[in-house]
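Working notes for the structure below.
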Amino acid sequence: MSLTRRDFARNSAITGAGVALAGSAGVLGTAPNALASTDTEIASDKSADAHGGGAGVGYGPLIPDPKGILALPAGFKYRVITYSGKTKLESGEFTPSNHDGTATFDGPRGTTLLVNNHELKGPRANWKYPVPLTEGLVYDPAASGGCTVVEVRPDGQVAEWVGIAGTSTNCAGGSTPWGTWLTCEENSDRAGTNGMTKDHGYVFEVDPSDRRANKNPKPLKFFGRYDHEAVVIDPKRGHAYLTEDAADPNGLLFRWTPPKGFEYGRGKFRKLADDAGVLQAPKCFDSGGKFVDDLSRATKIGTVYGVDWVDAPDRDAKTTPVRKQFAAGEITRARKLEGMWWGDGGTYIVSSYARDESPVQHDGQVWFYDPKRRTLTLKVLLGVNPDPSKDGAFDGPDNITVSPYGGLVIAEDGEGIQHLFGATDSGRTYPIARNDLNIGTAQEPEYSEFTGVTFSCDGRTLYANIQTPGIMLAITGPWKRQRR
């Protein structure tokens, strides 16, 4: 049933600010202990003080790492779990490079299992450490990407093996309520393009607990063929939400509705037909009933849009990319739709930045989609960072997770210095880590993005990756619930 503009306008008038600030993330600033501004300019310290100050927020200043990898607050420490070109898989090959999306799962006998995407695009010859072509786990032998499964044992020992190989540009992905991993291809090369032997742009399911279940990888074509970024599953209603990182035109948020009577579980996706369910894109409108063409139009924290869903004509993009199949005025777009995470009864959705290809520029948004109300609420707005080379400001949110200690933890993929940073329920931001690994030169330093931010199932360890060269890190310390 469509949510009419009249219904949304009436509901907005009734709920008001209560809708605008629902959920755990609150609002987010561009600088530590600051609130996000109510427009696209950076919030001032004076504005932050007016909202309650930063006392008791975060864990204090970051201390430079003498090993040159990860700066952390006092009392925290890190451990390298995998390191591309240094650590090895069970089979003897080196850990693949370009770590990206990650999730944790409880393993047998007290172990932690992590599934780690490797964002490797194009032919295997382009990469020194592609994902090994393990027999029975290969989709396209020409492709370099895939994901590995990492087992961290109680005694500290680590084992790693291939979960899927022969896929392309495996990016954020997402976990399922039944304990599997959905790995997403952020590349839609056709067979015969860039050396590929099969079509790409699909989602695949990987089971970290059952290696046999991963044999003969099958693309889940009902999710559509496009440049996938992340995916989450609504555990109550059964919908899947997926982001597309694309431009010219800007990408889309998608919703997949399963066929009637479908029951989720391990191996159930493999049994569905390629055209099972319905894939849709959003059509947003404001409280006055006006259509919103792009999410960058929102320049106020707490902006709420109603959402209708429009069927995708050809989800497999046989002749035209899915995002180009909609006419102007049919759907709502956004630039750099990146990470997602399910929490608080809905999904948090990142738009990493917007520039000239979008109506309004910004350096990051996080939206919250409430499936019950069918609304999108702007929770995070980062103004354009005037000098990314200076430490202190945050920009370019990407991978994201809901913290067991309140609020969000966000991996930065912006310009210049890269951080992991947190946002409290009331909107204070604070640094958690800084990438100190300079892969450039002393004269022109360069720092890779953070990816794969996720907590262990018991909440004691924060895992995160430095994408280049490909390092998985385990961060521990005096975690605490952040003050409101």
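Within each chain, counting starts at residue 1; across the structure tokens, chains are named A, B, ... in the order shown, with ligands numbered 1 upward in that order.
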
Counting only C-alpha atoms, give me one row per residue of region 341-458 of chain A with an atom at most 10 Å from an atom of region 229-235 of chain A, showing the shortest contact pair and its distance in Å to one decimal, sorted by chain then residue number, as a tab-separated table.
```
residue	atom	partner	partner_atom	distance
A:Trp341	CA	A:Val232	CA	6.4
A:Trp342	CA	A:Val232	CA	6.3
A:Gly343	CA	A:Asp234	CA	9.5
A:Gly345	CA	A:Asp234	CA	8.2
A:Gly346	CA	A:Asp234	CA	7.4
A:Thr347	CA	A:Val232	CA	7.4
A:Tyr348	CA	A:Val232	CA	9.5
A:Ile349	CA	A:Ala230	CA	9.2
A:Val350	CA	A:Ala230	CA	9.8
A:Pro371	CA	A:Asp234	CA	8.6
A:Asn399	CA	A:Ala230	CA	8.8
```

Take the residues that were just selected and, keeping all heavy atoms, output them as a compact mmCIF listing (two decimals), in the first residue's frame.
```txt
# COMPACT_ATOMS: atom_id res chain seq x y z
N TRP A 341 23.80 -0.38 8.36
CA TRP A 341 23.78 -1.27 9.51
C TRP A 341 22.38 -1.26 10.11
O TRP A 341 21.76 -0.21 10.23
CB TRP A 341 24.79 -0.82 10.57
CG TRP A 341 25.16 -1.93 11.51
CD1 TRP A 341 24.54 -2.27 12.68
CD2 TRP A 341 26.22 -2.87 11.34
NE1 TRP A 341 25.14 -3.36 13.26
CE2 TRP A 341 26.18 -3.76 12.46
CE3 TRP A 341 27.19 -3.06 10.36
CZ2 TRP A 341 27.09 -4.80 12.62
CZ3 TRP A 341 28.10 -4.11 10.51
CH2 TRP A 341 28.04 -4.95 11.63
N TRP A 342 21.89 -2.45 10.45
CA TRP A 342 20.56 -2.56 11.04
C TRP A 342 20.66 -2.32 12.55
O TRP A 342 21.52 -2.87 13.23
CB TRP A 342 19.96 -3.93 10.77
CG TRP A 342 18.56 -4.04 11.29
CD1 TRP A 342 18.16 -4.48 12.52
CD2 TRP A 342 17.37 -3.65 10.60
NE1 TRP A 342 16.78 -4.39 12.64
CE2 TRP A 342 16.28 -3.89 11.46
CE3 TRP A 342 17.12 -3.13 9.33
CZ2 TRP A 342 14.96 -3.63 11.10
CZ3 TRP A 342 15.81 -2.87 8.96
CH2 TRP A 342 14.75 -3.11 9.84
N GLY A 343 19.75 -1.50 13.09
CA GLY A 343 19.69 -1.26 14.52
C GLY A 343 18.53 -0.36 14.84
O GLY A 343 18.06 0.41 13.99
N GLY A 345 15.48 -0.92 15.16
CA GLY A 345 14.27 -1.20 14.39
C GLY A 345 14.28 -0.67 12.98
O GLY A 345 13.24 -0.63 12.31
N GLY A 346 15.45 -0.27 12.49
CA GLY A 346 15.55 0.24 11.13
C GLY A 346 16.98 0.15 10.65
O GLY A 346 17.82 -0.50 11.26
N THR A 347 17.27 0.82 9.54
CA THR A 347 18.61 0.75 8.99
C THR A 347 19.23 2.13 8.85
O THR A 347 18.58 3.08 8.42
CB THR A 347 18.62 0.03 7.62
OG1 THR A 347 19.96 -0.03 7.13
CG2 THR A 347 17.75 0.73 6.60
N TYR A 348 20.49 2.22 9.27
CA TYR A 348 21.29 3.43 9.07
C TYR A 348 21.95 3.34 7.70
O TYR A 348 22.49 2.29 7.33
CB TYR A 348 22.33 3.57 10.17
CG TYR A 348 21.72 3.87 11.52
CD1 TYR A 348 21.44 2.84 12.42
CD2 TYR A 348 21.41 5.17 11.89
CE1 TYR A 348 20.86 3.10 13.65
CE2 TYR A 348 20.83 5.45 13.12
CZ TYR A 348 20.55 4.41 14.00
OH TYR A 348 19.98 4.69 15.21
N ILE A 349 21.92 4.43 6.96
CA ILE A 349 22.37 4.44 5.56
C ILE A 349 23.30 5.63 5.36
O ILE A 349 22.95 6.77 5.70
CB ILE A 349 21.17 4.57 4.60
CG1 ILE A 349 20.15 3.47 4.87
CG2 ILE A 349 21.63 4.54 3.15
CD1 ILE A 349 18.76 3.78 4.35
N VAL A 350 24.47 5.38 4.79
CA VAL A 350 25.48 6.42 4.61
C VAL A 350 25.49 6.94 3.18
O VAL A 350 25.49 6.17 2.22
CB VAL A 350 26.88 5.88 4.96
CG1 VAL A 350 27.97 6.89 4.57
CG2 VAL A 350 26.97 5.55 6.43
N PRO A 371 11.17 1.40 8.82
CA PRO A 371 10.24 0.68 7.96
C PRO A 371 8.80 0.71 8.46
O PRO A 371 7.87 0.56 7.65
CB PRO A 371 10.79 -0.75 7.97
CG PRO A 371 11.57 -0.86 9.23
CD PRO A 371 12.13 0.50 9.49
N ASN A 399 31.92 2.78 5.89
CA ASN A 399 31.39 1.67 6.68
C ASN A 399 30.94 2.18 8.04
O ASN A 399 31.51 3.13 8.59
CB ASN A 399 32.44 0.59 6.87
CG ASN A 399 32.72 -0.24 5.62
OD1 ASN A 399 33.49 -1.17 5.66
ND2 ASN A 399 32.07 0.10 4.50
```

Hey, which of A:Phe269, A:Tyr139, A:Tyr241, A:Phe394 ends up closest to Met196 (chain A)? Count only C-alpha atoms.
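Going through A:Phe269, A:Tyr139, A:Tyr241, A:Phe394 one by one, the smallest distance to Met196 (chain A) is for A:Tyr139.
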
DSSP strand (DSSP E) residues within region 112-263 of chain A, listed as an MDAnalysis selection string
chainID A and resid 112:118 145:152 158:167 174:175 181:184 203:206 228:233 240:244 253:257

Export of prior selection with C-alpha atoms as an mmCIF file, in the first residue's frame:
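Okay, this is what ended up in again-v1.cif:
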```cif
data_model
loop_
_atom_site.group_PDB
_atom_site.id
_atom_site.type_symbol
_atom_site.label_atom_id
_atom_site.label_comp_id
_atom_site.auth_asym_id
_atom_site.auth_seq_id
_atom_site.Cartn_x
_atom_site.Cartn_y
_atom_site.Cartn_z
ATOM 1 C CA THR A 112 35.229 -15.594 16.724
ATOM 2 C CA LEU A 113 34.646 -15.875 12.984
ATOM 3 C CA LEU A 114 35.054 -12.847 10.754
ATOM 4 C CA VAL A 115 34.150 -12.683 7.078
ATOM 5 C CA ASN A 116 36.347 -10.142 5.297
ATOM 6 C CA ASN A 117 35.647 -8.764 1.821
ATOM 7 C CA HIS A 118 38.536 -7.926 -0.503
ATOM 8 C CA GLY A 145 38.103 -10.412 -5.578
ATOM 9 C CA GLY A 146 36.155 -12.435 -3.050
ATOM 10 C CA CYS A 147 36.227 -12.837 0.692
ATOM 11 C CA THR A 148 38.098 -14.776 3.341
ATOM 12 C CA VAL A 149 36.963 -16.224 6.671
ATOM 13 C CA VAL A 150 39.183 -15.445 9.660
ATOM 14 C CA GLU A 151 38.992 -17.531 12.831
ATOM 15 C CA VAL A 152 40.325 -15.962 16.034
ATOM 16 C CA VAL A 158 44.437 -17.113 13.945
ATOM 17 C CA ALA A 159 43.418 -19.184 10.933
ATOM 18 C CA GLU A 160 42.185 -17.863 7.578
ATOM 19 C CA TRP A 161 40.661 -19.523 4.546
ATOM 20 C CA VAL A 162 38.773 -18.556 1.362
ATOM 21 C CA GLY A 163 35.001 -18.150 1.570
ATOM 22 C CA ILE A 164 34.426 -17.243 -2.084
ATOM 23 C CA ALA A 165 36.735 -16.366 -4.989
ATOM 24 C CA GLY A 166 36.408 -15.108 -8.541
ATOM 25 C CA THR A 167 34.135 -12.173 -7.727
ATOM 26 C CA GLY A 174 26.286 -7.246 5.252
ATOM 27 C CA SER A 175 25.397 -10.024 7.686
ATOM 28 C CA TRP A 181 27.402 -13.065 5.113
ATOM 29 C CA LEU A 182 26.175 -11.342 1.933
ATOM 30 C CA THR A 183 29.145 -10.190 -0.104
ATOM 31 C CA CYS A 184 28.422 -7.469 -2.674
ATOM 32 C CA VAL A 203 25.340 -10.444 -4.326
ATOM 33 C CA PHE A 204 26.587 -13.827 -3.075
ATOM 34 C CA GLU A 205 25.961 -15.584 0.246
ATOM 35 C CA VAL A 206 28.869 -16.977 2.283
ATOM 36 C CA HIS A 228 26.408 -2.990 -4.982
ATOM 37 C CA GLU A 229 27.833 -1.503 -1.810
ATOM 38 C CA ALA A 230 26.024 -2.786 1.305
ATOM 39 C CA VAL A 231 22.993 -4.845 2.284
ATOM 40 C CA VAL A 232 20.936 -5.368 5.440
ATOM 41 C CA ILE A 233 17.996 -7.659 6.204
ATOM 42 C CA ALA A 240 16.444 -6.547 2.139
ATOM 43 C CA TYR A 241 17.835 -3.017 1.715
ATOM 44 C CA LEU A 242 20.762 -2.451 -0.606
ATOM 45 C CA THR A 243 22.894 0.571 -1.523
ATOM 46 C CA GLU A 244 24.390 1.414 -4.903
ATOM 47 C CA LEU A 253 18.794 2.806 -2.360
ATOM 48 C CA PHE A 254 16.922 -0.401 -3.140
ATOM 49 C CA ARG A 255 14.389 -2.505 -1.264
ATOM 50 C CA TRP A 256 13.799 -6.165 -2.105
ATOM 51 C CA THR A 257 10.570 -7.765 -0.970
#
```

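Near Ala464 (chain A), within 7 Å and counting only C-alpha atoms, sit Phe450, Thr451, Gly452, Val453, Thr454, Met472, Leu473 and Ala474 of chain A, not including residues fewer than 5 positions from it in the same chain.
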
One decimal, Å: what's the distance from CA of Lys260 (chain A) over to CA of Pro217 (chain A), could you say?
25.1 Å

Using only C-alpha atoms, which residues sit within 6 Å of region 95-100 of chain A once same-chain residues fewer than 2 positions away are excluded, as a list of chain:residue names?
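The residues satisfying every condition are A:Ser84, A:Thr87, A:Lys88, A:Leu89, A:Asn117, A:His118, A:Glu119, A:Tyr129, A:Pro130, A:Val131, A:Cys171, A:Thr451, A:Gly452, A:Gln467, A:Thr468, A:Pro469, A:Gly470.
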
Out of A:Gln482, A:Thr180, A:Asn385, A:Ser188, which residue has the shortest atom-to-atom distance to Tyr430 (chain A) when counting only C-alpha atoms?
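Among A:Gln482, A:Thr180, A:Asn385, A:Ser188, it is A:Gln482 that comes nearest to Tyr430 (chain A).
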
Polymer residues at most 10 Å from region 431-447 of chain A, only C-alpha atoms, same-chain spacing of 6 or more positions, as number ranges by chain:
A: 31-33, 57-73, 76, 389, 391-394, 409-423, 464-469, 475

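From CA of Asn170 (chain A) back to CA of Thr319 (chain A), the distance works out to 23.3 Å.
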
Enter the distance from CA of Ser144 (chain A) to CA of Thr461 (chain A), in Å, rounded to one decimal.
29.9 Å

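Candidate residues A:Glu338, A:Glu330, A:Asp207, A:Glu185 were compared for distance to Trp309 (chain A), and the nearest is A:Glu330, using only C-alpha atoms.
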
Find the residue from A:Pro141, A:Pro259, A:Gly101, A:Gly383 that sits nearest to Gly396 (chain A); use only C-alpha atoms when measuring.
A:Gly383
